[in-house]
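Raw target.pdb, PDB, C-alpha atoms and all ligand atoms:
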MODEL        1
ATOM      1  CA  MET A1398     -53.209  -9.625  34.591
ATOM      2  CA  LYS A1399     -51.575  -7.308  32.069
ATOM      3  CA  VAL A1400     -50.021  -9.232  29.147
ATOM      4  CA  LEU A1401     -46.711  -7.790  28.024
ATOM      5  CA  PRO A1402     -46.313  -7.315  24.237
ATOM      6  CA  LYS A1403     -44.315 -10.036  22.554
ATOM      7  CA  PRO A1404     -40.753  -8.831  21.789
ATOM      8  CA  PRO A1405     -40.055  -8.618  18.044
ATOM      9  CA  SER A1406     -38.253 -11.588  16.543
ATOM     10  CA  ALA A1407     -34.768 -11.214  15.035
ATOM     11  CA  SER A1408     -36.144 -11.307  11.497
ATOM     12  CA  GLU A1409     -38.769  -8.634  12.320
ATOM     13  CA  MET A1410     -36.052  -6.391  13.741
ATOM     14  CA  ARG A1411     -33.928  -6.978  10.677
ATOM     15  CA  GLN A1412     -36.892  -6.044   8.484
ATOM     16  CA  VAL A1413     -37.407  -2.767  10.381
ATOM     17  CA  VAL A1414     -33.702  -1.875  10.067
ATOM     18  CA  VAL A1415     -33.441  -2.816   6.394
ATOM     19  CA  GLU A1416     -36.558  -0.836   5.517
ATOM     20  CA  SER A1417     -35.605   2.251   7.514
ATOM     21  CA  GLN A1418     -34.834   5.497   5.695
ATOM     22  CA  LEU A1419     -31.298   5.568   7.163
ATOM     23  CA  TRP A1420     -30.459   2.076   5.875
ATOM     24  CA  LYS A1421     -31.842   2.837   2.421
ATOM     25  CA  ALA A1422     -29.905   6.117   2.307
ATOM     26  CA  ILE A1423     -26.665   4.178   2.840
ATOM     27  CA  PHE A1424     -27.323   0.884   1.019
ATOM     28  CA  ARG A1425     -29.203   1.948  -2.076
ATOM     29  CA  HIS A1426     -29.538  -1.245  -4.069
ATOM     30  CA  GLY A1427     -30.618  -3.977  -1.659
ATOM     31  CA  TYR A1428     -29.120  -7.454  -1.562
ATOM     32  CA  PRO A1429     -27.065  -8.278  -4.669
ATOM     33  CA  ASP A1430     -29.008 -11.197  -6.166
ATOM     34  CA  ASP A1431     -28.530 -10.777  -9.921
ATOM     35  CA  PRO A1432     -25.583  -9.621 -12.082
ATOM     36  CA  PRO A1433     -26.776  -6.015 -12.826
ATOM     37  CA  ASN A1434     -27.723  -5.443  -9.176
ATOM     38  CA  ARG A1435     -24.369  -6.865  -8.107
ATOM     39  CA  ALA A1436     -22.606  -4.277 -10.237
ATOM     40  CA  LEU A1437     -24.840  -1.494  -8.858
ATOM     41  CA  VAL A1438     -24.160  -2.511  -5.246
ATOM     42  CA  ILE A1439     -20.408  -2.540  -5.840
ATOM     43  CA  MET A1440     -20.316   0.748  -7.731
ATOM     44  CA  SER A1441     -22.383   2.692  -5.214
ATOM     45  CA  ASN A1442     -20.433   1.768  -2.085
ATOM     46  CA  VAL A1443     -17.026   3.273  -1.508
ATOM     47  CA  PHE A1444     -15.650   0.248   0.343
ATOM     48  CA  LEU A1445     -17.069  -2.411  -1.971
ATOM     49  CA  HIS A1446     -16.010  -0.283  -4.914
ATOM     50  CA  LEU A1447     -12.408  -1.180  -4.100
ATOM     51  CA  HIS A1448     -13.135  -4.722  -5.251
ATOM     52  CA  PRO A1449     -14.219  -5.785  -8.709
ATOM     53  CA  VAL A1450     -17.708  -7.178  -9.315
ATOM     54  CA  LYS A1451     -16.123 -10.396 -10.544
ATOM     55  CA  VAL A1452     -12.603 -11.779 -10.353
ATOM     56  CA  LYS A1453     -10.942 -14.415 -12.484
ATOM     57  CA  LYS A1454     -10.300 -17.730 -10.765
ATOM     58  CA  HIS A1455      -6.555 -17.614 -11.371
ATOM     59  CA  ALA A1456      -6.381 -14.166  -9.712
ATOM     60  CA  ALA A1457      -7.674 -15.588  -6.425
ATOM     61  CA  LYS A1458      -5.158 -18.417  -6.528
ATOM     62  CA  PHE A1459      -2.373 -17.735  -4.028
ATOM     63  CA  THR A1460       0.395 -19.261  -6.112
ATOM     64  CA  TRP A1461      -0.424 -16.987  -9.040
ATOM     65  CA  THR A1462       0.757 -13.790  -7.328
ATOM     66  CA  TYR A1463       2.032 -15.068  -3.973
ATOM     67  CA  GLY A1464       0.201 -12.034  -2.625
ATOM     68  CA  LEU A1465       3.332  -9.959  -3.099
ATOM     69  CA  GLY A1466       1.628  -6.761  -4.304
ATOM     70  CA  GLY A1467      -0.963  -7.044  -1.537
ATOM     71  CA  ILE A1468       1.659  -7.721   1.136
ATOM     72  CA  SER A1469       3.670  -4.687  -0.069
ATOM     73  CA  PHE A1470       0.542  -2.561   0.233
ATOM     74  CA  TYR A1471      -0.274  -3.775   3.744
ATOM     75  CA  LEU A1472       3.333  -3.099   4.780
ATOM     76  CA  PHE A1473       2.915   0.429   3.423
ATOM     77  CA  LEU A1474      -0.199   0.846   5.590
ATOM     78  CA  LEU A1475       1.651  -0.515   8.623
ATOM     79  CA  LEU A1476       4.536   1.872   7.957
ATOM     80  CA  THR A1477       2.104   4.782   7.748
ATOM     81  CA  VAL A1478       0.409   3.931  11.059
ATOM     82  CA  THR A1479       3.649   3.259  12.986
ATOM     83  CA  GLY A1480       5.316   6.272  11.316
ATOM     84  CA  VAL A1481       2.541   8.631  12.435
ATOM     85  CA  TYR A1482       2.919   7.316  16.005
ATOM     86  CA  LEU A1483       6.690   7.916  15.906
ATOM     87  CA  MET A1484       6.121  11.463  14.602
ATOM     88  CA  PHE A1485       4.514  12.397  17.909
ATOM     89  CA  PHE A1486       7.860  11.906  19.667
ATOM     90  CA  TYR A1487      10.550  12.584  17.071
ATOM     91  CA  THR A1488      12.086  16.067  16.636
ATOM     92  CA  PRO A1489      13.839  16.722  13.300
ATOM     93  CA  SER A1490      16.593  19.019  14.597
ATOM     94  CA  ALA A1491      20.318  18.297  14.817
ATOM     95  CA  ASP A1492      20.279  18.826  18.619
ATOM     96  CA  LEU A1493      17.154  16.867  19.454
ATOM     97  CA  ALA A1494      16.884  14.091  16.848
ATOM     98  CA  TYR A1495      19.170  11.588  18.568
ATOM     99  CA  PRO A1496      17.858  12.263  22.124
ATOM    100  CA  SER A1497      14.279  11.877  20.841
ATOM    101  CA  ILE A1498      15.173   8.502  19.318
ATOM    102  CA  LYS A1499      16.696   7.448  22.672
ATOM    103  CA  ALA A1500      13.505   8.552  24.401
ATOM    104  CA  ILE A1501      11.363   6.588  21.934
ATOM    105  CA  ASN A1502      13.442   3.502  22.743
ATOM    106  CA  SER A1503      13.319   3.787  26.499
ATOM    107  CA  GLU A1504      10.535   6.139  27.680
ATOM    108  CA  VAL A1505       7.687   6.205  25.170
ATOM    109  CA  THR A1506       4.884   3.665  25.668
ATOM    110  CA  PHE A1507       5.292   0.991  22.974
ATOM    111  CA  GLY A1508       8.045   3.218  21.523
ATOM    112  CA  LEU A1509      10.641   0.498  21.008
ATOM    113  CA  LEU A1510       8.026  -1.898  19.614
ATOM    114  CA  THR A1511       6.650   0.711  17.214
ATOM    115  CA  ARG A1512      10.123   1.737  16.072
ATOM    116  CA  ASN A1513      11.139  -1.864  15.436
ATOM    117  CA  MET A1514       7.882  -2.569  13.597
ATOM    118  CA  HIS A1515       8.595   0.481  11.448
ATOM    119  CA  ARG A1516      12.163  -0.628  10.678
ATOM    120  CA  TRP A1517      11.281  -4.257   9.965
ATOM    121  CA  ALA A1518       8.287  -3.333   7.835
ATOM    122  CA  ALA A1519      10.557  -0.990   5.813
ATOM    123  CA  HIS A1520      13.114  -3.763   5.169
ATOM    124  CA  LEU A1521      10.380  -6.260   4.350
ATOM    125  CA  MET A1522       8.640  -3.862   1.991
ATOM    126  CA  ILE A1523      11.807  -3.462  -0.097
ATOM    127  CA  ILE A1524      12.031  -7.268  -0.337
ATOM    128  CA  THR A1525       8.353  -7.830  -1.184
ATOM    129  CA  VAL A1526       8.250  -4.994  -3.749
ATOM    130  CA  CYS A1527      11.323  -6.441  -5.526
ATOM    131  CA  LEU A1528       9.834  -9.948  -5.452
ATOM    132  CA  HIS A1529       6.517  -8.567  -6.731
ATOM    133  CA  MET A1530       8.390  -6.966  -9.628
ATOM    134  CA  VAL A1531      10.153 -10.269 -10.370
ATOM    135  CA  ARG A1532       6.827 -12.144 -10.296
ATOM    136  CA  VAL A1533       5.234  -9.631 -12.690
ATOM    137  CA  PHE A1534       8.250  -9.912 -14.996
ATOM    138  CA  TYR A1535       8.365 -13.708 -15.105
ATOM    139  CA  GLN A1536       4.635 -13.970 -15.743
ATOM    140  CA  GLY A1537       4.804 -11.334 -18.491
ATOM    141  CA  GLY A1538       2.466  -9.045 -16.556
ATOM    142  CA  TYR A1539       4.271  -6.014 -18.023
ATOM    143  CA  LYS A1540       3.138  -6.794 -21.607
ATOM    144  CA  PRO A1541       0.367  -4.796 -23.363
ATOM    145  CA  PRO A1542      -2.027  -3.490 -22.132
ATOM    146  CA  ARG A1543      -0.118  -3.300 -18.831
ATOM    147  CA  GLU A1544       3.057  -1.492 -19.899
ATOM    148  CA  PHE A1545       1.918   1.822 -18.378
ATOM    149  CA  ASN A1546       1.278   0.081 -15.061
ATOM    150  CA  TRP A1547       4.802  -1.330 -15.217
ATOM    151  CA  MET A1548       6.083   2.254 -15.540
ATOM    152  CA  ILE A1549       3.966   3.346 -12.571
ATOM    153  CA  GLY A1550       5.487   0.342 -10.760
ATOM    154  CA  VAL A1551       9.024   1.572 -11.486
ATOM    155  CA  ALA A1552       8.079   4.952  -9.948
ATOM    156  CA  LEU A1553       6.654   3.112  -6.910
ATOM    157  CA  LEU A1554       9.885   1.144  -6.560
ATOM    158  CA  LEU A1555      11.930   4.364  -6.678
ATOM    159  CA  ALA A1556       9.648   6.029  -4.114
ATOM    160  CA  THR A1557       9.946   2.969  -1.834
ATOM    161  CA  LEU A1558      13.755   2.983  -2.069
ATOM    162  CA  LEU A1559      13.910   6.742  -1.459
ATOM    163  CA  LEU A1560      11.622   6.393   1.568
ATOM    164  CA  SER A1561      14.016   3.859   3.001
ATOM    165  CA  PHE A1562      17.030   6.039   2.205
ATOM    166  CA  THR A1563      15.563   9.250   3.698
ATOM    167  CA  GLY A1564      14.411   7.390   6.837
ATOM    168  CA  TYR A1565      17.948   6.148   7.404
ATOM    169  CA  LEU A1566      19.266   9.627   8.296
ATOM    170  CA  LEU A1567      16.598  10.448  10.871
ATOM    171  CA  PRO A1568      18.158   8.704  13.948
ATOM    172  CA  TRP A1569      21.075  11.131  13.425
ATOM    173  CA  ASP A1570      23.622   8.674  14.825
ATOM    174  CA  GLN A1571      27.028   7.756  13.393
ATOM    175  CA  LEU A1572      25.604   4.981  11.216
ATOM    176  CA  ALA A1573      22.987   7.316   9.735
ATOM    177  CA  PHE A1574      25.419  10.177   9.254
ATOM    178  CA  TRP A1575      28.054   8.181   7.384
ATOM    179  CA  ALA A1576      25.587   6.080   5.380
ATOM    180  CA  ILE A1577      23.956   9.247   4.042
ATOM    181  CA  THR A1578      27.366  10.826   3.446
ATOM    182  CA  VAL A1579      28.324   7.840   1.281
ATOM    183  CA  GLY A1580      24.895   7.686  -0.435
ATOM    184  CA  THR A1581      24.747  11.377  -1.317
ATOM    185  CA  ASN A1582      28.394  11.351  -2.458
ATOM    186  CA  MET A1583      27.438   8.591  -4.883
ATOM    187  CA  ALA A1584      24.652  10.829  -6.232
ATOM    188  CA  GLY A1585      27.353  13.481  -6.650
ATOM    189  CA  TYR A1586      29.136  11.261  -9.194
ATOM    190  CA  ALA A1587      26.111  11.115 -11.530
ATOM    191  CA  PRO A1588      27.040  12.447 -14.990
ATOM    192  CA  LEU A1589      26.088  16.071 -15.803
ATOM    193  CA  VAL A1590      23.716  16.636 -12.849
ATOM    194  CA  GLY A1591      25.906  15.147 -10.080
ATOM    195  CA  PHE A1592      26.725  18.407  -8.306
ATOM    196  CA  GLN A1593      23.129  19.631  -8.529
ATOM    197  CA  ALA A1594      21.751  16.313  -7.226
ATOM    198  CA  HIS A1595      24.212  16.326  -4.331
ATOM    199  CA  THR A1596      23.394  19.920  -3.335
ATOM    200  CA  LEU A1597      19.655  19.420  -3.806
ATOM    201  CA  LEU A1598      19.617  16.332  -1.586
ATOM    202  CA  LEU A1599      21.645  17.899   1.232
ATOM    203  CA  GLY A1600      20.518  21.515   1.063
ATOM    204  CA  GLY A1601      24.239  22.358   1.147
ATOM    205  CA  THR A1602      27.577  20.669   0.588
ATOM    206  CA  SER A1603      27.688  18.304   3.584
ATOM    207  CA  VAL A1604      25.336  16.318   5.834
ATOM    208  CA  GLY A1605      24.069  18.886   8.369
ATOM    209  CA  PRO A1606      20.860  20.303   9.885
ATOM    210  CA  ASN A1607      19.548  21.341   6.441
ATOM    211  CA  ALA A1608      19.925  17.779   5.166
ATOM    212  CA  LEU A1609      18.154  16.413   8.242
ATOM    213  CA  LEU A1610      15.158  18.717   7.795
ATOM    214  CA  ARG A1611      15.072  18.021   4.057
ATOM    215  CA  PHE A1612      15.152  14.257   4.545
ATOM    216  CA  TYR A1613      12.491  14.519   7.245
ATOM    217  CA  VAL A1614      10.060  16.432   5.016
ATOM    218  CA  LEU A1615      10.724  14.038   2.124
ATOM    219  CA  HIS A1616      10.268  11.051   4.441
ATOM    220  CA  VAL A1617       7.060  12.026   6.227
ATOM    221  CA  ILE A1618       5.181  14.114   3.635
ATOM    222  CA  PHE A1619       6.436  14.193   0.089
ATOM    223  CA  LEU A1620       7.361  10.556  -0.605
ATOM    224  CA  PRO A1621       4.423   8.929   1.269
ATOM    225  CA  LEU A1622       2.042  11.233  -0.618
ATOM    226  CA  LEU A1623       3.718  10.395  -3.906
ATOM    227  CA  LEU A1624       3.537   6.684  -3.102
ATOM    228  CA  GLY A1625      -0.104   6.960  -1.974
ATOM    229  CA  VAL A1626      -1.197   8.687  -5.180
ATOM    230  CA  GLY A1627       0.969   6.320  -7.272
ATOM    231  CA  LEU A1628      -0.625   3.300  -5.588
ATOM    232  CA  ALA A1629      -4.137   4.608  -6.257
ATOM    233  CA  ILE A1630      -3.238   4.887  -9.970
ATOM    234  CA  HIS A1631      -1.513   1.460  -9.861
ATOM    235  CA  PHE A1632      -4.607  -0.304  -8.433
ATOM    236  CA  TRP A1633      -6.978   1.623 -10.702
ATOM    237  CA  ARG A1634      -4.897   0.545 -13.714
ATOM    238  CA  VAL A1635      -4.969  -3.119 -12.606
ATOM    239  CA  ARG A1636      -8.775  -2.797 -12.665
ATOM    240  CA  LYS A1637      -8.915  -0.977 -16.011
ATOM    241  CA  ASP A1638      -6.537  -3.493 -17.621
ATOM    242  CA  GLY A1639      -9.074  -6.231 -16.895
ATOM    243  CA  GLY A1640      -7.759  -7.463 -13.542
ATOM    244  CA  ILE A1641      -4.365  -9.044 -13.159
ATOM    245  CA  SER A1642      -2.894 -10.898 -16.115
ATOM    246  CA  GLY A1643      -3.513 -14.630 -16.413
ATOM    247  CA  PRO A1644      -2.199 -17.691 -18.236
ATOM    248  CA  ILE A1645      -2.276 -17.653 -22.058
ATOM    249  CA  PRO A1646      -5.956 -17.746 -23.152
ATOM    250  CA  ASP A1647      -5.946 -21.036 -25.152
ATOM    251  CA  VAL A1648      -4.617 -23.040 -22.246
ATOM    252  CA  MET A1649      -6.715 -21.097 -19.769
ATOM    253  CA  VAL A1650      -9.333 -23.003 -17.851
ATOM    254  CA  ASP A1651     -10.648 -20.002 -16.090
ATOM    255  CA  LEU A1652     -14.191 -19.251 -15.070
ATOM    256  CA  GLU A1653     -15.326 -16.094 -13.382
ATOM    257  CA  LEU A1654     -16.310 -16.467  -9.763
ATOM    258  CA  GLU A1655     -19.897 -15.682  -8.918
ATOM    259  CA  ARG A1656     -20.348 -13.077  -6.175
ATOM    260  CA  PRO A1657     -21.340 -15.498  -3.342
ATOM    261  CA  GLU A1658     -18.275 -17.603  -4.069
ATOM    262  CA  TYR A1659     -16.197 -14.459  -4.292
ATOM    263  CA  TRP A1660     -17.421 -13.364  -0.839
ATOM    264  CA  ARG A1661     -16.098 -16.610   0.565
ATOM    265  CA  LYS A1662     -12.809 -16.131  -1.271
ATOM    266  CA  GLU A1663     -12.553 -12.426  -0.574
ATOM    267  CA  PRO A1664     -10.160 -12.603   2.406
ATOM    268  CA  GLN A1665      -7.826 -14.613   0.228
ATOM    269  CA  ASP A1666      -8.303 -12.308  -2.738
ATOM    270  CA  THR A1667      -7.615  -9.125  -0.799
ATOM    271  CA  PHE A1668      -5.103 -10.243   1.795
ATOM    272  CA  ILE A1669      -3.272 -13.024   0.079
ATOM    273  CA  SER A1670      -3.392 -12.583  -3.646
ATOM    274  CA  GLY A1671      -3.528  -8.770  -3.456
TER     275      GLY A1671
HETATM  276  C1  LIG B1701       4.797   0.029  -3.464
HETATM  277  C2  LIG B1701       4.963  -0.970  -4.251
HETATM  278  C3  LIG B1701       3.907  -1.762  -4.958
HETATM  279  C4  LIG B1701       2.676  -2.193  -4.539
HETATM  280  C5  LIG B1701       2.068  -1.966  -3.163
HETATM  281  C6  LIG B1701       2.069  -2.914  -5.625
HETATM  282  C7  LIG B1701       0.822  -3.520  -5.579
HETATM  283  C8  LIG B1701       0.269  -4.281  -6.598
HETATM  284  C9  LIG B1701      -0.895  -5.118  -6.480
HETATM  285  C10 LIG B1701      -1.731  -5.299  -5.218
HETATM  286  C11 LIG B1701      -1.113  -5.699  -7.686
HETATM  287  C12 LIG B1701      -2.219  -6.715  -8.027
HETATM  288  C13 LIG B1701      -1.710  -8.151  -8.135
HETATM  289  C14 LIG B1701      -0.487  -8.601  -7.428
HETATM  290  O1  LIG B1701      -0.454  -8.631  -6.196
HETATM  291  O2  LIG B1701       0.492  -8.950  -8.111
HETATM  292  C15 LIG B1701      -0.091  -5.221  -8.595
HETATM  293  C16 LIG B1701       0.011  -5.532  -9.933
HETATM  294  C17 LIG B1701       0.999  -5.063 -10.786
HETATM  295  N1  LIG B1701       2.150  -4.400 -10.421
HETATM  296 FE1  LIG B1701       2.538  -3.680  -8.574
HETATM  297  N2  LIG B1701       2.922  -2.896  -6.706
HETATM  298  C18 LIG B1701       4.059  -2.232  -6.332
HETATM  299  C19 LIG B1701       5.199  -2.053  -7.089
HETATM  300  C20 LIG B1701       5.353  -2.483  -8.403
HETATM  301  C21 LIG B1701       6.587  -2.472  -9.141
HETATM  302  C22 LIG B1701       7.932  -2.045  -8.583
HETATM  303  C23 LIG B1701       6.286  -2.914 -10.405
HETATM  304  C24 LIG B1701       7.201  -3.073 -11.588
HETATM  305  C25 LIG B1701       8.154  -2.266 -11.909
HETATM  306  C26 LIG B1701       4.882  -3.228 -10.449
HETATM  307  C27 LIG B1701       4.179  -3.629 -11.567
HETATM  308  C28 LIG B1701       2.913  -4.178 -11.547
HETATM  309  C29 LIG B1701       2.196  -4.669 -12.707
HETATM  310  C30 LIG B1701       2.673  -4.586 -14.172
HETATM  311  C31 LIG B1701       1.001  -5.217 -12.236
HETATM  312  C32 LIG B1701      -0.062  -5.940 -13.067
HETATM  313  C33 LIG B1701       0.425  -7.376 -13.078
HETATM  314  C34 LIG B1701      -0.472  -8.367 -13.733
HETATM  315  O3  LIG B1701      -1.500  -7.975 -14.282
HETATM  316  O4  LIG B1701      -0.122  -9.558 -13.677
HETATM  317  N3  LIG B1701       4.343  -2.974  -9.211
HETATM  318  N4  LIG B1701       0.739  -4.369  -7.903
ENDMDL
END
Do you think you could lay out the structure here as structure tokens?
Ligand code: HEM
Amino acid sequence: MKVLPKPPSASEMRQVVVESQLWKAIFRHGYPDDPPNRALVIMSNVFLHLHPVKVKKHAAKFTWTYGLGGISFYLFLLLTVTGVYLMFFYTPSADLAYPSIKAINSEVTFGLLTRNMHRWAAHLMIITVCLHMVRVFYQGGYKPPREFNWMIGVALLLATLLLSFTGYLLPWDQLAFWAITVGTNMAGYAPLVGFQAHTLLLGGTSVGPNALLRFYVLHVIFLPLLLGVGLAIHFWRVRKDGGISGPIPDVMVDLELERPEYWRKEPQDTFISG
């Protein structure tokens, strides 16, 4: 009787995969088992590179940041995904904007859900960004060497507020029309550059098709791009400034987490404490 070859065990299969050329081309530094190798593994992988090799214990503690920066970022991602979906069905013209919003609400698959997710995430993001700013302020996170990151943060806040403002006009209903009329009139009262700001925002002297197109382009391209680039600089600066700020050093009982412990804490570090 012919004896069938024994199937390879799980560990043998793992060995074959881990030693294959393809695996080694992607994961170049093996399992991270000592500090230098840990750093190499992190630096040479685009996804792992987003996280530091080590984090301070206080940074992984939820009540240190309340995850407010992280939550703001995840809301931004949610807004991007739902916004792209809505773009498939929305038409930025004075004749078609309102009907397309009605169609999103009643005809498009998951249209109402997506639109509401987009609206709620926008409101929530304003709240979480402001709370994040308050948390940074009260913990002195704006002090040297982080003052430049505070300035980047102010730009991010402005971009977030402008995103909300420009999105408000897009339904092209009475509420949108009059809210933007009031908002842009307020810009018109700014000293010295009031008239210019008013005309620049509206592409004319009153809220009309030009303003709608202008707000649309600002809302879907210019401001998200600005925010995206600003966020990349913001996160990079957090890293370069030695991670997020902590309690005053002499009262600090703060050890660095070793990588295995960090792996266990990573969901908390990325999702909760930002
Ligand atoms: C789109 C909005 C924003 C996002 C997504 C965001 C995200 C983050 C994240 C994830 C962190 C790391 C720690 C944490 O969660 O606190 C952080 C830190 C920081 N953020 Fe923001 N941020 C935003 C807006 C702002 C604003 C408006 C300010 C202030 C004007 C600001 C100033 C700072 C500073 C100074 C740090 C370092 C804080 C420290 O080291 O303790 N950020 N940000």
Name the residues, by chain letter and number, that sit within 7 Å of ligand LIG 1701 (chain B) using only C-alpha atoms and all ligand atoms, and give them as a ChimeraX atom specification. /A:1462,1464-1467,1469-1470,1526-1527,1529-1530,1533,1536,1538-1539,1543-1544,1546-1551,1553-1554,1557,1624,1628,1631-1632,1635,1640-1643,1670-1671
Keeping C-alpha atoms, export the residues of the selection given above as a PDB file, keeping the file's coordinate frame.
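And here is the file that came out, out.pdb:
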ATOM      1  CA  THR A1462       0.757 -13.790  -7.328  1.00  0.00           C
ATOM      2  CA  GLY A1464       0.201 -12.034  -2.625  1.00  0.00           C
ATOM      3  CA  LEU A1465       3.332  -9.959  -3.099  1.00  0.00           C
ATOM      4  CA  GLY A1466       1.628  -6.761  -4.304  1.00  0.00           C
ATOM      5  CA  GLY A1467      -0.963  -7.044  -1.537  1.00  0.00           C
ATOM      6  CA  SER A1469       3.670  -4.687  -0.069  1.00  0.00           C
ATOM      7  CA  PHE A1470       0.542  -2.561   0.233  1.00  0.00           C
ATOM      8  CA  VAL A1526       8.250  -4.994  -3.749  1.00  0.00           C
ATOM      9  CA  CYS A1527      11.323  -6.441  -5.526  1.00  0.00           C
ATOM     10  CA  HIS A1529       6.517  -8.567  -6.731  1.00  0.00           C
ATOM     11  CA  MET A1530       8.390  -6.966  -9.628  1.00  0.00           C
ATOM     12  CA  VAL A1533       5.234  -9.631 -12.690  1.00  0.00           C
ATOM     13  CA  GLN A1536       4.635 -13.970 -15.743  1.00  0.00           C
ATOM     14  CA  GLY A1538       2.466  -9.045 -16.556  1.00  0.00           C
ATOM     15  CA  TYR A1539       4.271  -6.014 -18.023  1.00  0.00           C
ATOM     16  CA  ARG A1543      -0.118  -3.300 -18.831  1.00  0.00           C
ATOM     17  CA  GLU A1544       3.057  -1.492 -19.899  1.00  0.00           C
ATOM     18  CA  ASN A1546       1.278   0.081 -15.061  1.00  0.00           C
ATOM     19  CA  TRP A1547       4.802  -1.330 -15.217  1.00  0.00           C
ATOM     20  CA  MET A1548       6.083   2.254 -15.540  1.00  0.00           C
ATOM     21  CA  ILE A1549       3.966   3.346 -12.571  1.00  0.00           C
ATOM     22  CA  GLY A1550       5.487   0.342 -10.760  1.00  0.00           C
ATOM     23  CA  VAL A1551       9.024   1.572 -11.486  1.00  0.00           C
ATOM     24  CA  LEU A1553       6.654   3.112  -6.910  1.00  0.00           C
ATOM     25  CA  LEU A1554       9.885   1.144  -6.560  1.00  0.00           C
ATOM     26  CA  THR A1557       9.946   2.969  -1.834  1.00  0.00           C
ATOM     27  CA  LEU A1624       3.537   6.684  -3.102  1.00  0.00           C
ATOM     28  CA  LEU A1628      -0.625   3.300  -5.588  1.00  0.00           C
ATOM     29  CA  HIS A1631      -1.513   1.460  -9.861  1.00  0.00           C
ATOM     30  CA  PHE A1632      -4.607  -0.304  -8.433  1.00  0.00           C
ATOM     31  CA  VAL A1635      -4.969  -3.119 -12.606  1.00  0.00           C
ATOM     32  CA  GLY A1640      -7.759  -7.463 -13.542  1.00  0.00           C
ATOM     33  CA  ILE A1641      -4.365  -9.044 -13.159  1.00  0.00           C
ATOM     34  CA  SER A1642      -2.894 -10.898 -16.115  1.00  0.00           C
ATOM     35  CA  GLY A1643      -3.513 -14.630 -16.413  1.00  0.00           C
ATOM     36  CA  SER A1670      -3.392 -12.583  -3.646  1.00  0.00           C
ATOM     37  CA  GLY A1671      -3.528  -8.770  -3.456  1.00  0.00           C
TER      38      GLY A1671
END
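Between His1520 of chain A and the candidates A:Phe1459, A:Phe1534, A:Tyr1495, A:Tyr1565, the tightest atom-to-atom separation, counting only C-alpha atoms, involves A:Tyr1565.
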Could you tell me, as an MDAnalysis selection string, exactly which residues end up selected when the PyMOL selection byres (((chain A and resi 1496-1500) around 12) and not hetatm) is applied to this structure? chainID A and resid 1483:1495 1501:1509 1511:1513 1566:1570
Which value, in Å to one decimal, gives the distance between atom CA of Asn1607 of chain A and atom CA of Gln1593 of chain A? 15.5 Å
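Across the model, the gap from atom CA of His1446 of chain A to atom CA of Arg1425 of chain A is 13.7 Å.
Taken over the shown file, the PyMOL selection byres (((chain A and resi 1608) around 10) and not hetatm) identifies Ala1491, Thr1563, Leu1566, Leu1567, Ile1577, Thr1596, Leu1597, Leu1598, Leu1599, Gly1600, Gly1601, Thr1602, Ser1603, Val1604, Gly1605, Pro1606, Asn1607, Leu1609, Leu1610, Arg1611, Phe1612, Tyr1613 and Val1614 of chain A.
Atom CA of Thr1479 of chain A is found 11.1 Å from atom CA of Trp1517 of chain A.
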What's the 10 Å shell around segment 1403-1415 of chain A, counting all atoms listed in the file, without same-chain residues fewer than 4 positions away, as an MDAnalysis selection string? chainID A and resid 1419:1421 1424 1427
If you take every atom of segment 1523-1542 of chain A that the file lists and fit an axis-aligned box around them with 3 Å extra on each side, what centre and edge lengths come out in Å to one decimal, as JSON?
{"center_x": 5.0, "center_y": -8.7, "center_z": -11.7, "size_x": 20.1, "size_y": 16.5, "size_z": 29.3}
Give me, as a PDB file with C-alpha atoms, in the coordinates of the input, all polymer residues having an atom no more than 12 Å from Met1440 of chain A, counting only C-alpha atoms and skipping those fewer than 3 positions away in the same chain.
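See part.pdb below for the written result:
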ATOM      1  CA  PHE A1424     -27.323   0.884   1.019  1.00  0.00           C
ATOM      2  CA  ARG A1425     -29.203   1.948  -2.076  1.00  0.00           C
ATOM      3  CA  HIS A1426     -29.538  -1.245  -4.069  1.00  0.00           C
ATOM      4  CA  PRO A1429     -27.065  -8.278  -4.669  1.00  0.00           C
ATOM      5  CA  PRO A1433     -26.776  -6.015 -12.826  1.00  0.00           C
ATOM      6  CA  ASN A1434     -27.723  -5.443  -9.176  1.00  0.00           C
ATOM      7  CA  ARG A1435     -24.369  -6.865  -8.107  1.00  0.00           C
ATOM      8  CA  ALA A1436     -22.606  -4.277 -10.237  1.00  0.00           C
ATOM      9  CA  LEU A1437     -24.840  -1.494  -8.858  1.00  0.00           C
ATOM     10  CA  VAL A1443     -17.026   3.273  -1.508  1.00  0.00           C
ATOM     11  CA  PHE A1444     -15.650   0.248   0.343  1.00  0.00           C
ATOM     12  CA  LEU A1445     -17.069  -2.411  -1.971  1.00  0.00           C
ATOM     13  CA  HIS A1446     -16.010  -0.283  -4.914  1.00  0.00           C
ATOM     14  CA  LEU A1447     -12.408  -1.180  -4.100  1.00  0.00           C
ATOM     15  CA  HIS A1448     -13.135  -4.722  -5.251  1.00  0.00           C
ATOM     16  CA  PRO A1449     -14.219  -5.785  -8.709  1.00  0.00           C
ATOM     17  CA  VAL A1450     -17.708  -7.178  -9.315  1.00  0.00           C
TER      18      VAL A1450
END
